[in-house]
Amino acid sequence: MSGQQPPVALSTRSLVAGYERDLPIVRGVDFSIRAGELVIVLGPNGAGKSTFVKAIAGLVPIHSGTVLLGDFDSTAVPTHEKIRHGLAFVPQTENIFATMSIHDNLLLAANVLPKEKRSRRIADLYAMFPDLAGRPSLRAGQLSGGQRQMLAVARALIVEPAVLILDEPSAGLSPKIVQEVFAQLKAINEAGVTIILVEQNVKAALAIADRAVILVEGQLRHEGPAATLANDPIVAELYLGARRSGEVPTP
Ligand SMILES: Nc1ncnc2c1ncn2[C@@H]1O[C@H](COP(=O)(O)OP(=O)(O)O)[C@@H](O)[C@H]1O
Ligand SMILES: [Mg+2]
């Protein structure tokens with residue numbers, strides 16, 4: 001595309017992050033996503049995908065490098081501050097309160113909003129997720145896997161984030177439900193929310209994404225338009241060849 005590109009919504013520069021200071025898991029990642037894009041983060045198990053997105057969200061220590069939200073340097077900013085700057089993160093597990101009702105899950109997420117905005121925003125979310133609207137007092141733990149993910153997404157959207165990051169929302173779901181969840185994410189993206197999606201469901205995720213990046217051993221090994229990568233053998237190579245780094249082509 002030429003001329004005016006949308007602004008960069010989130011970027012990392014030389015990001016190094018990990019759970020212990022002498023053990024970097026994410027090893028120098030330059031990543032950026034423009035406003036309105038849907039980018040998937042692919043890569044074999046243990047590549048550091050979850051660590052990467054958790055570091056962006058402020059949930060894993062950053063050793064060096066930067067995380068920018070738009071122009072704002074959020075590298076050293078705590079998670080709740082990042083939320084205020086437009087970042088929402090849906091972790092892979094424990095992303096809802098199973099013993100609480102659907103409504104209470106949403107109320108709790110809405111707590112960060114000014115009081116007068118809360119009920120309107122929850123009503124917006126119910127309009128977006130009719131499955132949840134029909135039974136606000138149902139305990140979240142009673143929901144199906146797909147509906148639980150939708151509740152987790154609804155909670156994240158309460159604050160009207162600019163950028164939504166999801167870590168493997170399709171894990172454990174049947175192929176049909178994966179399609180439904182992905183269709184919902186695509187709709188959210190088309191409504192203007194920039195999305196970073198960590199996925200193992202490569203084919204289904206490439207079908208809804210604009211672009212994909214492939215993380216191998218904590219480094220960004222390849223990236224490209226989703227439509228191109230869908231038929232590119234490098235995707236399989238980077239997955240299968242993860243333990244034979246010598247044979248893995250670099251960009
Ligand atoms: N809480 C943790 N504490 C220490 N090491 C961890 C933790 N979580 C993950 N790791 C390690 O970080 C590496 C990358 O893991 P992860 O980011 O979960 O990869 P992926 O999401 O790509 O499967 C793995 O070697 C894993 O053992
Ligand atoms: Mg993971």
# chains A, B, ... in the order shown; residues from 1 in each chain; ligands from 1
call {"tool": "residues_near_ligand", "arguments": {"ligand": "ligand 2", "cutoff": "10 Å", "atoms": "only C-alpha atoms and all ligand atoms", "output": "list in words"}}
result
Leu42, Gly43, Pro44, Asn45, Gly46, Ala47, Gly48, Lys49, Ser50, Thr51, Phe52, Val53, Lys54, Pro91, Gln92, Asp167, Glu168, Ala171, Val198, Glu199 and Gln200 of chain A
call {"tool": "write_last_selection", "arguments": {"atoms": "all heavy atoms", "output": "compact mmCIF listing (two decimals), in the first residue's frame"}}
result
# COMPACT_ATOMS: atom_id res chain seq x y z
N LEU A 42 3.20 -16.85 15.46
CA LEU A 42 3.29 -18.30 15.35
C LEU A 42 4.64 -18.76 15.88
O LEU A 42 5.55 -17.96 16.09
CB LEU A 42 3.15 -18.73 13.88
CG LEU A 42 1.92 -18.25 13.12
CD1 LEU A 42 2.02 -18.66 11.64
CD2 LEU A 42 0.66 -18.84 13.74
N GLY A 43 4.78 -20.07 16.00
CA GLY A 43 6.06 -20.61 16.43
C GLY A 43 5.86 -21.88 17.23
O GLY A 43 4.81 -22.07 17.82
N PRO A 44 6.88 -22.73 17.24
CA PRO A 44 6.75 -24.01 17.94
C PRO A 44 6.56 -23.82 19.45
O PRO A 44 6.80 -22.75 19.99
CB PRO A 44 8.07 -24.72 17.64
CG PRO A 44 9.00 -23.67 17.15
CD PRO A 44 8.17 -22.56 16.59
N ASN A 45 6.13 -24.89 20.08
CA ASN A 45 6.00 -24.91 21.53
C ASN A 45 7.30 -24.50 22.20
O ASN A 45 8.36 -24.97 21.80
CB ASN A 45 5.68 -26.34 21.98
CG ASN A 45 4.26 -26.41 22.49
OD1 ASN A 45 3.75 -25.44 23.03
ND2 ASN A 45 3.64 -27.56 22.31
N GLY A 46 7.22 -23.64 23.18
CA GLY A 46 8.41 -23.25 23.91
C GLY A 46 9.24 -22.18 23.22
O GLY A 46 10.32 -21.82 23.69
N ALA A 47 8.73 -21.65 22.10
CA ALA A 47 9.48 -20.64 21.34
C ALA A 47 9.58 -19.31 22.09
O ALA A 47 10.43 -18.48 21.78
CB ALA A 47 8.82 -20.42 19.99
N GLY A 48 8.68 -19.12 23.06
CA GLY A 48 8.68 -17.86 23.80
C GLY A 48 7.54 -16.93 23.43
O GLY A 48 7.55 -15.76 23.80
N LYS A 49 6.53 -17.47 22.76
CA LYS A 49 5.39 -16.64 22.33
C LYS A 49 4.66 -16.05 23.53
O LYS A 49 4.38 -14.86 23.58
CB LYS A 49 4.41 -17.47 21.47
CG LYS A 49 5.04 -18.09 20.24
CD LYS A 49 4.03 -18.89 19.41
CE LYS A 49 3.41 -20.07 20.15
NZ LYS A 49 4.41 -21.12 20.51
N SER A 50 4.34 -16.92 24.50
CA SER A 50 3.61 -16.43 25.68
C SER A 50 4.47 -15.45 26.47
O SER A 50 3.98 -14.41 26.93
CB SER A 50 3.20 -17.59 26.59
OG SER A 50 2.25 -18.40 25.94
N THR A 51 5.75 -15.76 26.59
CA THR A 51 6.66 -14.88 27.32
C THR A 51 6.72 -13.51 26.63
O THR A 51 6.71 -12.47 27.29
CB THR A 51 8.06 -15.50 27.39
OG1 THR A 51 7.94 -16.83 27.92
CG2 THR A 51 8.98 -14.69 28.29
N PHE A 52 6.75 -13.51 25.30
CA PHE A 52 6.79 -12.27 24.52
C PHE A 52 5.57 -11.41 24.82
O PHE A 52 5.70 -10.23 25.17
CB PHE A 52 6.87 -12.64 23.03
CG PHE A 52 6.78 -11.47 22.08
CD1 PHE A 52 7.69 -10.42 22.15
CD2 PHE A 52 5.79 -11.43 21.10
CE1 PHE A 52 7.62 -9.34 21.27
CE2 PHE A 52 5.72 -10.36 20.21
CZ PHE A 52 6.62 -9.32 20.31
N VAL A 53 4.37 -11.98 24.71
CA VAL A 53 3.18 -11.16 24.92
C VAL A 53 3.00 -10.79 26.40
O VAL A 53 2.53 -9.70 26.72
CB VAL A 53 1.89 -11.78 24.33
CG1 VAL A 53 1.93 -11.71 22.81
CG2 VAL A 53 1.65 -13.20 24.80
N LYS A 54 3.44 -11.67 27.29
CA LYS A 54 3.35 -11.32 28.71
C LYS A 54 4.32 -10.18 29.04
O LYS A 54 4.00 -9.31 29.86
CB LYS A 54 3.64 -12.54 29.60
CG LYS A 54 2.46 -13.51 29.66
CD LYS A 54 2.63 -14.55 30.77
CE LYS A 54 3.45 -15.72 30.33
NZ LYS A 54 3.55 -16.77 31.39
N PRO A 91 -4.88 -13.58 28.82
CA PRO A 91 -3.92 -14.68 28.98
C PRO A 91 -4.54 -16.01 28.57
O PRO A 91 -5.76 -16.11 28.39
CB PRO A 91 -3.61 -14.67 30.48
CG PRO A 91 -4.70 -13.90 31.13
CD PRO A 91 -5.33 -13.02 30.10
N GLN A 92 -3.68 -17.01 28.40
CA GLN A 92 -4.17 -18.29 27.89
C GLN A 92 -5.05 -19.00 28.92
O GLN A 92 -6.02 -19.66 28.56
CB GLN A 92 -2.98 -19.19 27.52
CG GLN A 92 -3.44 -20.48 26.86
CD GLN A 92 -2.28 -21.28 26.30
OE1 GLN A 92 -1.14 -20.86 26.33
NE2 GLN A 92 -2.58 -22.47 25.79
N ASP A 167 -3.62 -14.74 23.96
CA ASP A 167 -2.69 -15.87 23.93
C ASP A 167 -3.46 -17.17 23.75
O ASP A 167 -4.13 -17.64 24.68
CB ASP A 167 -1.87 -15.90 25.23
CG ASP A 167 -0.68 -16.86 25.14
OD1 ASP A 167 -0.53 -17.55 24.11
OD2 ASP A 167 0.10 -16.92 26.12
N GLU A 168 -3.40 -17.72 22.55
CA GLU A 168 -4.02 -19.00 22.20
C GLU A 168 -5.47 -19.15 22.68
O GLU A 168 -5.79 -20.07 23.41
CB GLU A 168 -3.17 -20.16 22.73
CG GLU A 168 -1.84 -20.23 22.01
CD GLU A 168 -1.18 -21.61 22.15
OE1 GLU A 168 -1.90 -22.62 22.07
OE2 GLU A 168 0.05 -21.64 22.33
N ALA A 171 -7.11 -22.67 22.16
CA ALA A 171 -6.59 -23.89 22.78
C ALA A 171 -7.72 -24.72 23.37
O ALA A 171 -8.55 -24.22 24.12
CB ALA A 171 -5.56 -23.53 23.85
N VAL A 198 -1.66 -14.79 19.46
CA VAL A 198 -0.72 -15.90 19.52
C VAL A 198 -1.51 -17.17 19.20
O VAL A 198 -2.57 -17.38 19.78
CB VAL A 198 -0.09 -16.04 20.93
CG1 VAL A 198 0.75 -17.30 21.02
CG2 VAL A 198 0.74 -14.81 21.26
N GLU A 199 -1.02 -17.97 18.27
CA GLU A 199 -1.81 -19.13 17.86
C GLU A 199 -1.00 -20.37 17.51
O GLU A 199 0.13 -20.28 17.05
CB GLU A 199 -2.69 -18.77 16.64
CG GLU A 199 -4.11 -18.43 17.02
CD GLU A 199 -4.80 -19.48 17.87
OE1 GLU A 199 -4.50 -20.68 17.73
OE2 GLU A 199 -5.63 -19.12 18.72
N GLN A 200 -1.60 -21.53 17.78
CA GLN A 200 -1.05 -22.79 17.29
C GLN A 200 -1.88 -23.32 16.13
O GLN A 200 -1.43 -24.16 15.36
CB GLN A 200 -1.03 -23.85 18.40
CG GLN A 200 -0.02 -23.59 19.50
CD GLN A 200 1.41 -23.86 19.06
OE1 GLN A 200 1.70 -24.04 17.88
NE2 GLN A 200 2.31 -23.90 20.03
call {"tool": "select_by_dssp", "arguments": {"residues": "region 28-241 of chain A", "states": "strand (DSSP E)", "output": "MDAnalysis selection string"}}
result
chainID A and resid 28:34 38:42 62:69 72:73 87:90 163:167 194:198 211:216 219:225
call {"tool": "atom_distance", "arguments": {"atom1": "CA of Gln147 (chain A)", "atom2": "CA of His85 (chain A)"}}
result
27.4 Å
call {"tool": "residues_around", "arguments": {"residues": "Leu185 (chain A)", "least_positions_apart": "2", "cutoff": "10 Å", "atoms": "only C-alpha atoms", "output": "PyMOL selection string"}}
result
chain A and resi 38+150+153+164+166+169+179-183+187-191+193+195+197+208
call {"tool": "write_last_selection", "arguments": {"atoms": "N, CA and C atoms", "output": "compact mmCIF listing (two decimals), in the first residue's frame"}}
result
# COMPACT_ATOMS: atom_id res chain seq x y z
N LEU A 38 -4.41 -7.08 12.12
CA LEU A 38 -4.54 -8.30 12.91
C LEU A 38 -3.31 -9.15 12.57
N MET A 150 -15.11 -16.12 24.90
CA MET A 150 -15.82 -14.88 24.54
C MET A 150 -16.00 -13.99 25.76
N VAL A 153 -12.75 -12.32 26.35
CA VAL A 153 -12.57 -11.24 25.37
C VAL A 153 -13.46 -10.05 25.75
N LEU A 164 -5.60 -5.25 21.38
CA LEU A 164 -6.00 -6.43 22.15
C LEU A 164 -5.03 -7.56 21.84
N LEU A 166 -4.18 -11.59 22.53
CA LEU A 166 -4.76 -12.84 23.02
C LEU A 166 -3.75 -13.97 22.88
N PRO A 169 -6.34 -18.25 22.20
CA PRO A 169 -7.74 -18.36 22.62
C PRO A 169 -8.42 -19.63 22.08
N GLN A 179 -13.55 -21.77 14.63
CA GLN A 179 -14.02 -20.89 13.56
C GLN A 179 -14.90 -19.78 14.11
N GLU A 180 -15.77 -20.13 15.05
CA GLU A 180 -16.68 -19.13 15.62
C GLU A 180 -15.91 -18.06 16.40
N VAL A 181 -14.97 -18.53 17.20
CA VAL A 181 -14.17 -17.59 18.01
C VAL A 181 -13.37 -16.67 17.09
N PHE A 182 -12.76 -17.26 16.06
CA PHE A 182 -11.96 -16.46 15.13
C PHE A 182 -12.83 -15.47 14.35
N ALA A 183 -14.04 -15.90 13.97
CA ALA A 183 -14.94 -14.99 13.25
C ALA A 183 -15.28 -13.79 14.14
N ALA A 187 -14.35 -9.84 13.52
CA ALA A 187 -15.36 -8.77 13.58
C ALA A 187 -14.89 -7.65 14.52
N ILE A 188 -14.30 -8.04 15.64
CA ILE A 188 -13.80 -7.05 16.60
C ILE A 188 -12.69 -6.22 15.95
N ASN A 189 -11.82 -6.90 15.20
CA ASN A 189 -10.75 -6.23 14.48
C ASN A 189 -11.32 -5.26 13.44
N GLU A 190 -12.33 -5.73 12.72
CA GLU A 190 -12.92 -4.87 11.68
C GLU A 190 -13.66 -3.68 12.28
N ALA A 191 -14.04 -3.81 13.55
CA ALA A 191 -14.66 -2.68 14.24
C ALA A 191 -13.61 -1.67 14.72
N VAL A 193 -10.38 -2.54 16.39
CA VAL A 193 -9.42 -2.91 17.43
C VAL A 193 -8.23 -3.63 16.78
N ILE A 195 -5.27 -6.16 16.72
CA ILE A 195 -5.19 -7.44 17.44
C ILE A 195 -3.86 -8.15 17.19
N LEU A 197 -2.48 -11.87 17.97
CA LEU A 197 -3.05 -13.16 18.32
C LEU A 197 -1.95 -14.22 18.29
N ILE A 208 -7.63 -15.46 9.02
CA ILE A 208 -8.24 -14.20 9.46
C ILE A 208 -7.21 -13.07 9.61
call {"tool": "closest_residue", "arguments": {"among": "A:Glu217, A:Asp131, A:Asp232, A:Glu223", "to": "ligand 1", "atoms": "only C-alpha atoms and all ligand atoms"}}
result
A:Glu217
call {"tool": "closest_residue", "arguments": {"among": "A:Val90, A:Ile214, A:Leu107, A:Ala154", "to": "ligand 1", "atoms": "only C-alpha atoms and all ligand atoms"}}
result
A:Ile214
call {"tool": "residues_around", "arguments": {"residues": "Asp73 (chain A)", "least_positions_apart": "5", "cutoff": "12 Å", "atoms": "only C-alpha atoms", "output": "PyMOL selection string"}}
result
chain A and resi 9-13+56+65-68+78+81-82+85
call {"tool": "atom_distance", "arguments": {"atom1": "CA of Ala209 (chain A)", "atom2": "CA of Gly58 (chain A)"}}
result
24.6 Å
call {"tool": "closest_residue", "arguments": {"among": "A:Leu229, A:Leu157, A:Leu106, A:Val41", "to": "ligand 1", "atoms": "only C-alpha atoms and all ligand atoms"}}
result
A:Val41
call {"tool": "select_by_dssp", "arguments": {"residues": "region 90-165 of chain A", "states": "alpha helix (DSSP H)", "output": "NGL selection string"}}
result
:A and (102-110 or 115-128 or 130-133 or 145-157)
call {"tool": "residues_around", "arguments": {"residues": "Tyr19 (chain A)", "least_positions_apart": "4", "cutoff": "8 Å", "atoms": "only C-alpha atoms", "output": "ChimeraX atom specification"}}
result
/A:23-25,60-61
call {"tool": "atom_distance", "arguments": {"atom1": "CA of Leu125 (chain A)", "atom2": "CA of Ser170 (chain A)"}}
result
20.4 Å
call {"tool": "residues_around", "arguments": {"residues": "Ala152 (chain A)", "least_positions_apart": "4", "cutoff": "7 Å", "atoms": "only C-alpha atoms", "output": "list in words"}}
result
Val90, Asn95, Ile96, Arg148 and Ala156 of chain A
call {"tool": "closest_residue", "arguments": {"among": "A:Gly18, A:Gly86, A:Gly146, A:Pro225", "to": "Val163 (chain A)", "atoms": "only C-alpha atoms"}}
result
A:Gly86
call {"tool": "residues_around", "arguments": {"residues": "Asp124 (chain A)", "least_positions_apart": "5", "cutoff": "9 Å", "atoms": "only C-alpha atoms", "output": "list in words"}}
result
Ser119, Phe129 and Ile158 of chain A
